[in-house]
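Undergrad: Structure: upload-v8.pdb, PDB, C-alpha atoms and all ligand atoms.
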ATOM      1  CA  MET M  73      33.251 -21.103 -74.708  1.00  0.00           C
ATOM      2  CA  LYS M  74      34.414 -18.217 -76.873  1.00  0.00           C
ATOM      3  CA  PHE M  75      32.220 -15.305 -75.895  1.00  0.00           C
ATOM      4  CA  GLN M  76      34.982 -12.734 -75.738  1.00  0.00           C
ATOM      5  CA  SER M  77      35.808 -13.269 -79.401  1.00  0.00           C
ATOM      6  CA  ALA M  78      32.136 -13.418 -80.458  1.00  0.00           C
ATOM      7  CA  LYS M  79      32.140  -9.773 -81.516  1.00  0.00           C
ATOM      8  CA  ARG M  80      28.826  -9.905 -83.372  1.00  0.00           C
ATOM      9  CA  TYR M  81      26.994 -11.918 -80.686  1.00  0.00           C
ATOM     10  CA  ASP M  82      23.990  -9.552 -80.566  1.00  0.00           C
ATOM     11  CA  GLU M  83      23.372  -9.831 -84.285  1.00  0.00           C
ATOM     12  CA  PHE M  84      23.407 -13.635 -84.310  1.00  0.00           C
ATOM     13  CA  ALA M  85      21.977 -14.553 -80.901  1.00  0.00           C
ATOM     14  CA  TYR M  86      18.431 -15.267 -82.158  1.00  0.00           C
ATOM     15  CA  ALA M  87      17.614 -17.984 -79.622  1.00  0.00           C
ATOM     16  CA  GLN M  88      19.175 -16.095 -76.727  1.00  0.00           C
ATOM     17  CA  LYS M  89      17.035 -13.019 -77.513  1.00  0.00           C
ATOM     18  CA  ILE M  90      13.772 -15.003 -77.621  1.00  0.00           C
ATOM     19  CA  VAL M  91      14.634 -16.744 -74.375  1.00  0.00           C
ATOM     20  CA  ALA M  92      15.513 -13.437 -72.661  1.00  0.00           C
ATOM     21  CA  ASP M  93      12.252 -11.808 -73.864  1.00  0.00           C
ATOM     22  CA  GLU M  94      10.235 -14.659 -72.432  1.00  0.00           C
ATOM     23  CA  LEU M  95      12.142 -14.643 -69.166  1.00  0.00           C
ATOM     24  CA  LEU M  96      11.356 -10.973 -68.614  1.00  0.00           C
ATOM     25  CA  LYS M  97       7.667 -11.515 -69.391  1.00  0.00           C
ATOM     26  CA  MET M  98       7.607 -14.249 -66.749  1.00  0.00           C
ATOM     27  CA  VAL M  99       9.369 -12.061 -64.159  1.00  0.00           C
ATOM     28  CA  VAL M 100       6.951  -9.177 -64.724  1.00  0.00           C
ATOM     29  CA  LYS M 101       4.006 -11.527 -64.094  1.00  0.00           C
ATOM     30  CA  SER M 102       5.374 -12.181 -60.586  1.00  0.00           C
ATOM     31  CA  ARG M 103       6.797  -8.766 -59.761  1.00  0.00           C
ATOM     32  CA  SER M 104       8.217  -5.743 -61.578  1.00  0.00           C
ATOM     33  CA  GLU M 105       9.748  -3.552 -58.831  1.00  0.00           C
ATOM     34  CA  PHE M 106      12.932  -4.468 -57.033  1.00  0.00           C
ATOM     35  CA  ALA M 107      15.489  -2.716 -54.864  1.00  0.00           C
ATOM     36  CA  GLN M 108      18.677  -4.651 -55.711  1.00  0.00           C
ATOM     37  CA  ILE M 109      19.073  -6.607 -58.957  1.00  0.00           C
ATOM     38  CA  TYR M 110      22.087  -8.769 -59.726  1.00  0.00           C
ATOM     39  CA  GLU M 111      22.568 -10.213 -63.216  1.00  0.00           C
ATOM     40  CA  ILE M 112      24.849 -13.205 -63.788  1.00  0.00           C
ATOM     41  CA  GLY M 113      26.730 -13.504 -67.099  1.00  0.00           C
ATOM     42  CA  ALA M 114      25.579 -10.216 -68.607  1.00  0.00           C
ATOM     43  CA  GLY M 115      27.926 -10.434 -71.619  1.00  0.00           C
ATOM     44  CA  SER M 116      26.970  -7.922 -74.291  1.00  0.00           C
ATOM     45  CA  GLY M 117      23.716  -7.009 -72.545  1.00  0.00           C
ATOM     46  CA  VAL M 118      21.006  -8.973 -74.378  1.00  0.00           C
ATOM     47  CA  LEU M 119      19.170  -9.616 -71.096  1.00  0.00           C
ATOM     48  CA  THR M 120      20.309  -6.394 -69.369  1.00  0.00           C
ATOM     49  CA  ARG M 121      18.616  -4.193 -71.989  1.00  0.00           C
ATOM     50  CA  ARG M 122      15.364  -6.026 -71.351  1.00  0.00           C
ATOM     51  CA  VAL M 123      15.780  -5.707 -67.570  1.00  0.00           C
ATOM     52  CA  ILE M 124      16.281  -1.954 -67.921  1.00  0.00           C
ATOM     53  CA  SER M 125      13.230  -1.481 -70.114  1.00  0.00           C
ATOM     54  CA  SER M 126      10.830  -3.811 -68.239  1.00  0.00           C
ATOM     55  CA  LEU M 127      11.664  -3.505 -64.527  1.00  0.00           C
ATOM     56  CA  LYS M 128      11.872  -0.749 -61.916  1.00  0.00           C
ATOM     57  CA  TYR M 129      14.820  -0.951 -59.561  1.00  0.00           C
ATOM     58  CA  ASP M 130      17.160   1.034 -57.318  1.00  0.00           C
ATOM     59  CA  GLU M 131      20.423  -0.735 -58.087  1.00  0.00           C
ATOM     60  CA  LEU M 132      21.646  -3.075 -60.809  1.00  0.00           C
ATOM     61  CA  VAL M 133      24.951  -4.972 -60.652  1.00  0.00           C
ATOM     62  CA  LEU M 134      26.236  -6.903 -63.647  1.00  0.00           C
ATOM     63  CA  ASN M 135      28.467  -9.944 -63.344  1.00  0.00           C
ATOM     64  CA  ASP M 136      30.447 -11.823 -65.967  1.00  0.00           C
ATOM     65  CA  ILE M 137      33.820 -13.554 -66.214  1.00  0.00           C
ATOM     66  CA  TYR M 138      34.870 -10.870 -68.725  1.00  0.00           C
ATOM     67  CA  LYS M 139      34.005  -7.181 -68.716  1.00  0.00           C
ATOM     68  CA  SER M 140      32.407  -6.433 -72.079  1.00  0.00           C
ATOM     69  CA  ASP M 141      32.340  -2.920 -73.573  1.00  0.00           C
ATOM     70  CA  PHE M 142      28.625  -2.871 -72.839  1.00  0.00           C
ATOM     71  CA  MET M 143      29.280  -3.369 -69.125  1.00  0.00           C
ATOM     72  CA  ALA M 144      31.605  -0.345 -68.903  1.00  0.00           C
ATOM     73  CA  SER M 145      28.895   2.083 -67.808  1.00  0.00           C
ATOM     74  CA  PHE M 146      27.397  -0.199 -65.148  1.00  0.00           C
ATOM     75  CA  GLN M 147      28.266  -1.282 -61.650  1.00  0.00           C
ATOM     76  CA  THR M 148      29.965  -4.644 -62.139  1.00  0.00           C
ATOM     77  CA  GLN M 149      31.389  -7.618 -60.296  1.00  0.00           C
ATOM     78  CA  ILE M 150      33.774  -9.523 -62.545  1.00  0.00           C
ATOM     79  CA  GLY M 151      34.640 -13.174 -61.982  1.00  0.00           C
ATOM     80  CA  ASP M 152      33.311 -16.716 -61.883  1.00  0.00           C
ATOM     81  CA  ILE M 153      29.929 -16.625 -60.150  1.00  0.00           C
ATOM     82  CA  LEU M 154      30.831 -19.756 -58.193  1.00  0.00           C
ATOM     83  CA  THR M 155      33.892 -18.200 -56.540  1.00  0.00           C
ATOM     84  CA  LEU M 156      32.910 -14.540 -56.008  1.00  0.00           C
ATOM     85  CA  ASN M 157      31.677 -13.115 -52.705  1.00  0.00           C
ATOM     86  CA  LEU M 158      28.221 -12.035 -53.763  1.00  0.00           C
ATOM     87  CA  PRO M 159      26.346  -9.057 -52.346  1.00  0.00           C
ATOM     88  CA  GLN M 160      23.668 -10.036 -49.821  1.00  0.00           C
ATOM     89  CA  LYS M 161      19.986  -9.158 -49.482  1.00  0.00           C
ATOM     90  CA  LEU M 162      19.334  -9.128 -53.210  1.00  0.00           C
ATOM     91  CA  ASP M 163      15.734  -8.823 -54.397  1.00  0.00           C
ATOM     92  CA  LEU M 164      16.233 -10.329 -57.824  1.00  0.00           C
ATOM     93  CA  ILE M 165      18.993 -12.482 -59.237  1.00  0.00           C
ATOM     94  CA  ILE M 166      18.535 -12.898 -62.962  1.00  0.00           C
ATOM     95  CA  SER M 167      20.436 -14.704 -65.693  1.00  0.00           C
ATOM     96  CA  SER M 168      19.840 -15.798 -69.254  1.00  0.00           C
ATOM     97  CA  SER M 169      21.715 -18.332 -71.400  1.00  0.00           C
ATOM     98  CA  VAL M 170      24.474 -18.810 -68.806  1.00  0.00           C
ATOM     99  CA  PHE M 171      23.734 -21.663 -66.374  1.00  0.00           C
ATOM    100  CA  GLN M 172      24.293 -24.383 -69.005  1.00  0.00           C
ATOM    101  CA  TRP M 173      27.991 -23.517 -68.635  1.00  0.00           C
ATOM    102  CA  ILE M 174      27.944 -24.189 -64.915  1.00  0.00           C
ATOM    103  CA  GLU M 175      28.492 -27.799 -64.025  1.00  0.00           C
ATOM    104  CA  ASN M 176      27.791 -27.678 -60.304  1.00  0.00           C
ATOM    105  CA  LEU M 177      24.236 -26.317 -60.259  1.00  0.00           C
ATOM    106  CA  ASP M 178      23.678 -27.463 -56.647  1.00  0.00           C
ATOM    107  CA  LYS M 179      26.536 -25.270 -55.473  1.00  0.00           C
ATOM    108  CA  LEU M 180      25.235 -22.348 -57.524  1.00  0.00           C
ATOM    109  CA  ARG M 181      21.669 -22.813 -56.226  1.00  0.00           C
ATOM    110  CA  ASP M 182      22.808 -22.852 -52.588  1.00  0.00           C
ATOM    111  CA  LYS M 183      25.018 -19.823 -53.063  1.00  0.00           C
ATOM    112  CA  LEU M 184      22.313 -17.763 -54.774  1.00  0.00           C
ATOM    113  CA  TYR M 185      19.769 -18.799 -52.154  1.00  0.00           C
ATOM    114  CA  LEU M 186      21.945 -17.294 -49.422  1.00  0.00           C
ATOM    115  CA  SER M 187      22.363 -14.001 -51.313  1.00  0.00           C
ATOM    116  CA  LEU M 188      18.640 -13.373 -51.689  1.00  0.00           C
ATOM    117  CA  ASN M 189      16.249 -11.586 -49.392  1.00  0.00           C
ATOM    118  CA  ASN M 190      13.595 -13.762 -47.819  1.00  0.00           C
ATOM    119  CA  ASP M 191      11.012 -13.123 -50.499  1.00  0.00           C
ATOM    120  CA  GLY M 192      13.705 -12.590 -53.166  1.00  0.00           C
ATOM    121  CA  ILE M 193      13.393 -14.001 -56.676  1.00  0.00           C
ATOM    122  CA  LEU M 194      15.798 -16.023 -58.758  1.00  0.00           C
ATOM    123  CA  ALA M 195      14.839 -15.956 -62.450  1.00  0.00           C
ATOM    124  CA  PHE M 196      16.839 -17.695 -65.125  1.00  0.00           C
ATOM    125  CA  SER M 197      16.794 -19.308 -68.510  1.00  0.00           C
ATOM    126  CA  MET M 198      19.217 -22.031 -69.501  1.00  0.00           C
ATOM    127  CA  PHE M 199      19.660 -24.363 -72.424  1.00  0.00           C
ATOM    128  CA  CYS M 200      19.067 -28.032 -71.710  1.00  0.00           C
ATOM    129  CA  ASP M 201      19.623 -31.416 -73.284  1.00  0.00           C
ATOM    130  CA  GLY M 202      18.668 -31.708 -76.915  1.00  0.00           C
ATOM    131  CA  THR M 203      20.277 -28.328 -77.674  1.00  0.00           C
ATOM    132  CA  LEU M 204      22.356 -28.463 -80.880  1.00  0.00           C
ATOM    133  CA  GLN M 205      21.520 -32.167 -81.185  1.00  0.00           C
ATOM    134  CA  GLU M 206      21.920 -31.933 -84.982  1.00  0.00           C
ATOM    135  CA  LEU M 207      25.561 -31.114 -84.429  1.00  0.00           C
ATOM    136  CA  SER M 208      26.417 -33.347 -81.484  1.00  0.00           C
ATOM    137  CA  SER M 209      24.926 -36.383 -83.242  1.00  0.00           C
ATOM    138  CA  PHE M 210      27.723 -35.884 -85.772  1.00  0.00           C
ATOM    139  CA  THR M 211      30.638 -34.587 -83.687  1.00  0.00           C
ATOM    140  CA  LYS M 212      29.818 -36.806 -80.665  1.00  0.00           C
ATOM    141  CA  GLN M 213      30.802 -33.796 -78.581  1.00  0.00           C
ATOM    142  CA  SER M 214      28.651 -31.365 -76.692  1.00  0.00           C
ATOM    143  CA  LEU M 215      28.317 -29.365 -73.530  1.00  0.00           C
ATOM    144  CA  LYS M 216      26.884 -31.564 -70.787  1.00  0.00           C
ATOM    145  CA  TYR M 217      23.391 -30.091 -71.133  1.00  0.00           C
ATOM    146  CA  LYS M 218      21.160 -31.064 -68.219  1.00  0.00           C
ATOM    147  CA  ASN M 219      17.646 -32.430 -68.417  1.00  0.00           C
ATOM    148  CA  ASN M 220      14.854 -29.860 -67.890  1.00  0.00           C
ATOM    149  CA  SER M 221      12.942 -31.815 -65.218  1.00  0.00           C
ATOM    150  CA  GLU M 222      16.195 -32.482 -63.385  1.00  0.00           C
ATOM    151  CA  ILE M 223      16.895 -28.738 -63.345  1.00  0.00           C
ATOM    152  CA  LYS M 224      13.427 -27.892 -62.062  1.00  0.00           C
ATOM    153  CA  GLU M 225      13.637 -30.525 -59.318  1.00  0.00           C
ATOM    154  CA  LYS M 226      17.017 -29.217 -58.194  1.00  0.00           C
ATOM    155  CA  PHE M 227      15.695 -25.704 -57.672  1.00  0.00           C
ATOM    156  CA  ALA M 228      12.385 -26.873 -56.163  1.00  0.00           C
ATOM    157  CA  VAL M 229      14.390 -28.335 -53.257  1.00  0.00           C
ATOM    158  CA  LYS M 230      15.008 -24.821 -51.924  1.00  0.00           C
ATOM    159  CA  PHE M 231      12.658 -22.506 -53.795  1.00  0.00           C
ATOM    160  CA  GLU M 232       8.968 -22.138 -54.456  1.00  0.00           C
ATOM    161  CA  ILE M 233       8.587 -22.361 -58.240  1.00  0.00           C
ATOM    162  CA  LEU M 234       6.432 -19.443 -59.422  1.00  0.00           C
ATOM    163  CA  GLY M 235       6.800 -20.073 -63.143  1.00  0.00           C
ATOM    164  CA  VAL M 236       8.276 -22.646 -65.479  1.00  0.00           C
ATOM    165  CA  LYS M 237       8.491 -22.844 -69.238  1.00  0.00           C
ATOM    166  CA  ASN M 238      10.076 -25.547 -71.378  1.00  0.00           C
ATOM    167  CA  GLU M 239      10.286 -24.768 -75.070  1.00  0.00           C
ATOM    168  CA  GLU M 240      12.398 -25.268 -78.127  1.00  0.00           C
ATOM    169  CA  ILE M 241      13.518 -22.893 -80.848  1.00  0.00           C
ATOM    170  CA  ILE M 242      14.606 -24.124 -84.247  1.00  0.00           C
ATOM    171  CA  ALA M 243      16.971 -21.812 -86.087  1.00  0.00           C
ATOM    172  CA  LYS M 244      17.106 -22.390 -89.856  1.00  0.00           C
ATOM    173  CA  PHE M 245      19.961 -21.533 -92.191  1.00  0.00           C
ATOM    174  CA  SER M 246      20.408 -21.543 -95.933  1.00  0.00           C
ATOM    175  CA  SER M 247      23.799 -23.269 -95.897  1.00  0.00           C
ATOM    176  CA  LEU M 248      26.275 -25.051 -93.646  1.00  0.00           C
ATOM    177  CA  LYS M 249      28.557 -22.036 -93.868  1.00  0.00           C
ATOM    178  CA  GLU M 250      25.801 -19.784 -92.525  1.00  0.00           C
ATOM    179  CA  LEU M 251      25.022 -22.271 -89.758  1.00  0.00           C
ATOM    180  CA  LEU M 252      28.677 -22.506 -88.710  1.00  0.00           C
ATOM    181  CA  ASN M 253      29.007 -18.738 -88.761  1.00  0.00           C
ATOM    182  CA  HIS M 254      25.992 -18.449 -86.450  1.00  0.00           C
ATOM    183  CA  LEU M 255      27.706 -20.814 -83.993  1.00  0.00           C
ATOM    184  CA  LYS M 256      30.972 -18.943 -84.193  1.00  0.00           C
ATOM    185  CA  GLN M 257      29.339 -15.544 -83.672  1.00  0.00           C
ATOM    186  CA  THR M 258      27.367 -16.712 -80.644  1.00  0.00           C
ATOM    187  CA  GLY M 259      30.324 -18.464 -79.023  1.00  0.00           C
ATOM    188  CA  VAL M 260      28.189 -21.575 -78.474  1.00  0.00           C
ATOM    189  CA  ASN M 261      30.520 -23.792 -80.368  1.00  0.00           C
ATOM    190  CA  ASN M 262      30.364 -27.573 -80.176  1.00  0.00           C
ATOM    191  CA  LEU M 263      33.186 -27.889 -82.656  1.00  0.00           C
ATOM    192  CA  ASN M 264      35.815 -27.871 -79.938  1.00  0.00           C
ATOM    193  CA  GLY M 265      38.109 -30.465 -78.458  1.00  0.00           C
ATOM    194  CA  ASN M 266      39.087 -33.283 -80.758  1.00  0.00           C
ATOM    195  CA  PHE M 267      36.735 -32.455 -83.596  1.00  0.00           C
ATOM    196  CA  LYS M 268      38.507 -30.525 -86.379  1.00  0.00           C
ATOM    197  CA  LEU M 269      36.586 -28.894 -89.167  1.00  0.00           C
ATOM    198  CA  THR M 270      38.753 -30.102 -92.028  1.00  0.00           C
ATOM    199  CA  LYS M 271      37.620 -29.870 -95.652  1.00  0.00           C
ATOM    200  CA  GLU M 272      36.628 -33.525 -95.479  1.00  0.00           C
ATOM    201  CA  ASN M 273      34.649 -33.074 -92.256  1.00  0.00           C
ATOM    202  CA  PHE M 274      32.898 -30.058 -93.776  1.00  0.00           C
ATOM    203  CA  LYS M 275      31.659 -32.261 -96.624  1.00  0.00           C
ATOM    204  CA  LEU M 276      30.603 -35.049 -94.258  1.00  0.00           C
ATOM    205  CA  LEU M 277      28.810 -32.546 -92.016  1.00  0.00           C
ATOM    206  CA  GLU M 278      27.048 -31.073 -95.032  1.00  0.00           C
ATOM    207  CA  ALA M 279      25.838 -34.554 -95.987  1.00  0.00           C
ATOM    208  CA  HIS M 280      24.776 -35.152 -92.363  1.00  0.00           C
ATOM    209  CA  PHE M 281      22.455 -32.106 -92.502  1.00  0.00           C
ATOM    210  CA  ASP M 282      21.062 -33.391 -95.800  1.00  0.00           C
ATOM    211  CA  GLY M 283      19.866 -29.992 -97.026  1.00  0.00           C
ATOM    212  CA  ASN M 284      18.064 -29.138 -93.762  1.00  0.00           C
ATOM    213  CA  PHE M 285      20.421 -26.695 -92.083  1.00  0.00           C
ATOM    214  CA  ALA M 286      18.658 -26.323 -88.749  1.00  0.00           C
ATOM    215  CA  LEU M 287      19.747 -26.106 -85.127  1.00  0.00           C
ATOM    216  CA  THR M 288      17.561 -26.862 -82.147  1.00  0.00           C
ATOM    217  CA  TYR M 289      17.780 -24.903 -78.911  1.00  0.00           C
ATOM    218  CA  LYS M 290      15.885 -26.398 -75.966  1.00  0.00           C
ATOM    219  CA  TYR M 291      15.527 -24.292 -72.892  1.00  0.00           C
ATOM    220  CA  ILE M 292      13.929 -23.974 -69.509  1.00  0.00           C
ATOM    221  CA  ASN M 293      12.878 -20.703 -67.912  1.00  0.00           C
ATOM    222  CA  LEU M 294      12.344 -20.799 -64.153  1.00  0.00           C
ATOM    223  CA  ILE M 295      11.050 -18.173 -61.755  1.00  0.00           C
ATOM    224  CA  CYS M 296      11.891 -19.199 -58.201  1.00  0.00           C
ATOM    225  CA  LYS M 297      10.986 -17.513 -54.921  1.00  0.00           C
ATOM    226  CA  LYS M 298      13.039 -17.953 -51.771  1.00  0.00           C
ATOM    227  CA  ARG M 299      10.926 -19.779 -49.208  1.00  0.00           C
TER     228      ARG M 299
HETATM  229  C1  LIG S 301      25.615 -17.044 -74.048  1.00  0.00           C
HETATM  230  S1  LIG S 301      26.304 -15.699 -73.158  1.00  0.00           S
HETATM  231  C2  LIG S 301      24.830 -14.948 -72.549  1.00  0.00           C
HETATM  232  C3  LIG S 301      24.961 -13.459 -72.444  1.00  0.00           C
HETATM  233  C4  LIG S 301      23.653 -12.735 -72.060  1.00  0.00           C
HETATM  234  N1  LIG S 301      23.250 -13.079 -70.705  1.00  0.00           N
HETATM  235  C5  LIG S 301      22.516 -13.077 -73.017  1.00  0.00           C
HETATM  236  O1  LIG S 301      21.397 -13.292 -72.549  1.00  0.00           O
HETATM  237  O2  LIG S 301      22.748 -13.120 -74.227  1.00  0.00           O
HETATM  238  C6  LIG S 301      26.949 -16.477 -71.696  1.00  0.00           C
HETATM  239  C7  LIG S 301      27.723 -15.501 -70.783  1.00  0.00           C
HETATM  240  O3  LIG S 301      27.956 -16.163 -69.533  1.00  0.00           O
HETATM  241  C8  LIG S 301      29.242 -15.839 -69.065  1.00  0.00           C
HETATM  242  N2  LIG S 301      29.628 -16.887 -68.120  1.00  0.00           N
HETATM  243  C9  LIG S 301      29.840 -18.199 -68.377  1.00  0.00           C
HETATM  244  N3  LIG S 301      30.205 -18.858 -67.258  1.00  0.00           N
HETATM  245  C10 LIG S 301      30.188 -17.932 -66.245  1.00  0.00           C
HETATM  246  C11 LIG S 301      30.485 -17.982 -64.839  1.00  0.00           C
HETATM  247  N4  LIG S 301      30.865 -19.125 -64.267  1.00  0.00           N
HETATM  248  N5  LIG S 301      30.379 -16.851 -64.115  1.00  0.00           N
HETATM  249  C12 LIG S 301      30.007 -15.675 -64.707  1.00  0.00           C
HETATM  250  N6  LIG S 301      29.714 -15.562 -66.029  1.00  0.00           N
HETATM  251  C13 LIG S 301      29.813 -16.672 -66.788  1.00  0.00           C
HETATM  252  C14 LIG S 301      30.070 -15.791 -70.364  1.00  0.00           C
HETATM  253  O4  LIG S 301      31.267 -15.080 -70.196  1.00  0.00           O
HETATM  254  C15 LIG S 301      29.095 -15.130 -71.324  1.00  0.00           C
HETATM  255  O5  LIG S 301      29.221 -13.724 -71.349  1.00  0.00           O
END
Would you kindly transcribe this structure into C-alpha cells?
TA:
Amino acid sequence: MKFQSAKRYDEFAYAQKIVADELLKMVVKSRSEFAQIYEIGAGSGVLTRRVISSLKYDELVLNDIYKSDFMASFQTQIGDILTLNLPQKLDLIISSSVFQWIENLDKLRDKLYLSLNNDGILAFSMFCDGTLQELSSFTKQSLKYKNNSEIKEKFAVKFEILGVKNEEIIAKFSSLKELLNHLKQTGVNNLNGNFKLTKENFKLLEAHFDGNFALTYKYINLICKKR
C-alpha cells in the first residue's frame, strides 16, 4: 500500500471515483440528513467531496492512517481504524475503497456496530476478488480480496442490509506503461513483495496482456442499518 506517495491519486483513481459516486447515490436513497458522520480512510478526499455535496450533516470527522493535505481543514482522527477509540453515537459511518486492506473484517464490523446509534447507517464500498486479476494471474501475488457474498453475509449477521450492489469496472489503457503508471498513481500496486519489474518481466508482462491492456475492478457497495 503506497497511498502516501501516490501524489496524483485523484487524477488516476477512475474506478474509485465511480464506486464513490454510486455509494453516495445508494446512501441518499436511504437517508440524506445525519448528525454525526465519520469517514474511514478519507485519503485525498475522493469520497469526502461527494459526502459534502450530497449529504446534510452537523459534524464530519475524517479518519486515515496518514493525514493528507486535503484533510488539513477538517476534524480528523488519525490512525488504524482497528486500534483507535472511535467516537460513539455516530449516525453514519462511511468508507470507500478502504476495507479491502483490512484483513479482520469481523473485528471491524463489531467495532463499527458499537460506535453507531441504534438506527445508524454503515455504508461502504470495497474491492473484492477478481480485482486486478489480469495482473495477479501473472505475478501470482495479490491482496487477499474477499468474495462479495462472503462480505455481505458477514455484515448481515449484525446489520439489516438496506442496499447492495455488485459490479465490475474495466479500465482500459493504450500501453503497459500507461497501465503500470495508473497502478503506481493509485497506490493499488500488486507488483510488491517478491515480484520485481525487471526489463525481462516487463516484456513477459506485455506478452501476457497480448495487446489488451485492461484491468478489472470488482466491487461491492453495502448500505447497512444497525438493528
Ligand atoms: C484507495 S485509498 C481510498 C481513499 C478514498 N476513500 C477514496 O475513495 O478514494 C485507501 C485509503 O485507506 C487508508 N487506509 C488503509 N488501511 C487503513 C486503516 N486500517 N485505517 C484507516 N485508514 C486506512 C489508506 O491510507 C488510504 O488513504
Undergrad: Around ligand LIG 301 (chain S), which protein and nucleic acid residues have at least one atom no more than 6 Å from it, if we count only C-alpha atoms and all ligand atoms? List them as number ranges by chain.
TA: M: 75, 88, 92, 112-115, 117-119, 136-138, 151-153, 167-170, 173-174
Undergrad: Written as a ChimeraX atom specification, which residues does the PyMOL selection byres (((chain M and resi 247-250) around 12) and not hetatm) give for the file shown?
TA: /M:84,206-207,243-246,251-257,269,273-287
Undergrad: What residues come out when you apply the PyMOL selection byres (((chain M and resi 181-195) around 6) and not hetatm) to this file, written as a list in words?
TA: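 Selected by the PyMOL selection byres (((chain M and resi 181-195) around 6) and not hetatm) here: Gln160, Lys161, Leu162, Asp163, Leu164, Ile165, Ile166, Leu177, Asp178, Lys179, Leu180, Phe196, Leu294, Ile295, Cys296, Lys297 and Lys298 of chain M.
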Undergrad: Given the point (25.3, -31.5, -74.9) in the coordinates of this file, which residues lie within 8 Å, counting only C-alpha atoms, and how would they look as a list in words?
TA: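 Applying the cut-off with only C-alpha atoms, one gets Cys200, Asp201, Gly202, Thr203, Leu204, Gln205, Ser208, Gln213, Ser214, Leu215, Lys216, Tyr217 and Lys218 of chain M.
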Undergrad: Taking (14.1, -1.3, -52.3) as a centre in this file's frame and 8 Å as the limit, can you find every polymer residue with an atom that close, using all atoms listed in the file, and give them as a list in words?
TA: Phe106, Ala107, Gln108, Tyr129, Asp130 and Asp163 of chain M
Undergrad: When you look at region 131-133 of chain M with a cut-off of 6 Å (counting all atoms listed in the file), what residues show up, excluding the ones that are within fewer than 4 positions of it in the same chain? I need them as a list of chain:residue names.
TA: M:Gln108, M:Ile109, M:Tyr110, M:Gln147, M:Thr148
Undergrad: Between CA of Lys128 (chain M) and CA of Met143 (chain M), measure the distance and give it in Å to one decimal.
TA: 19.0 Å
Undergrad: When the PyMOL selection byres (((chain M and resi 293) around 9) and not hetatm) is applied to the structure above, which residues does it catch, written out as a PyMOL selection string?
TA: chain M and resi 91+94-95+98+168+195-199+235-239+291-292+294-295
Undergrad: Would you work out the distance separating CA of Ile233 (chain M) from CA of Val123 (chain M), expressed in Å to one decimal?
TA: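 So the two atoms, CA of Ile233 (chain M) and CA of Val123 (chain M), lie 20.4 Å apart.
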Undergrad: Give the answer as one residue: which of M:Lys226, M:Arg103, M:Arg299, M:Lys139 has the shortest atom-to-atom distance to Leu127 (chain M), using only C-alpha atoms?
TA: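 When distances to Leu127 (chain M) are compared using only C-alpha atoms, the smallest one comes from M:Arg103.
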Undergrad: Please measure the separation of CA of Ala85 (chain M) and CA of Asn219 (chain M), giving the value in Å to one decimal.
TA: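 Going from CA of Ala85 (chain M) over to CA of Asn219 (chain M) covers 22.2 Å.
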Undergrad: Kindly provide, as AutoDock Vina command-line options, the centre and edge lengths (Å, one decimal) of an axis-aligned box around all atoms of region 279-285 of chain M given in the file, with 5 Å on each side.
TA:
--center_x 22.0 --center_y -30.9 --center_z -94.6 --size_x 17.8 --size_y 18.5 --size_z 14.9
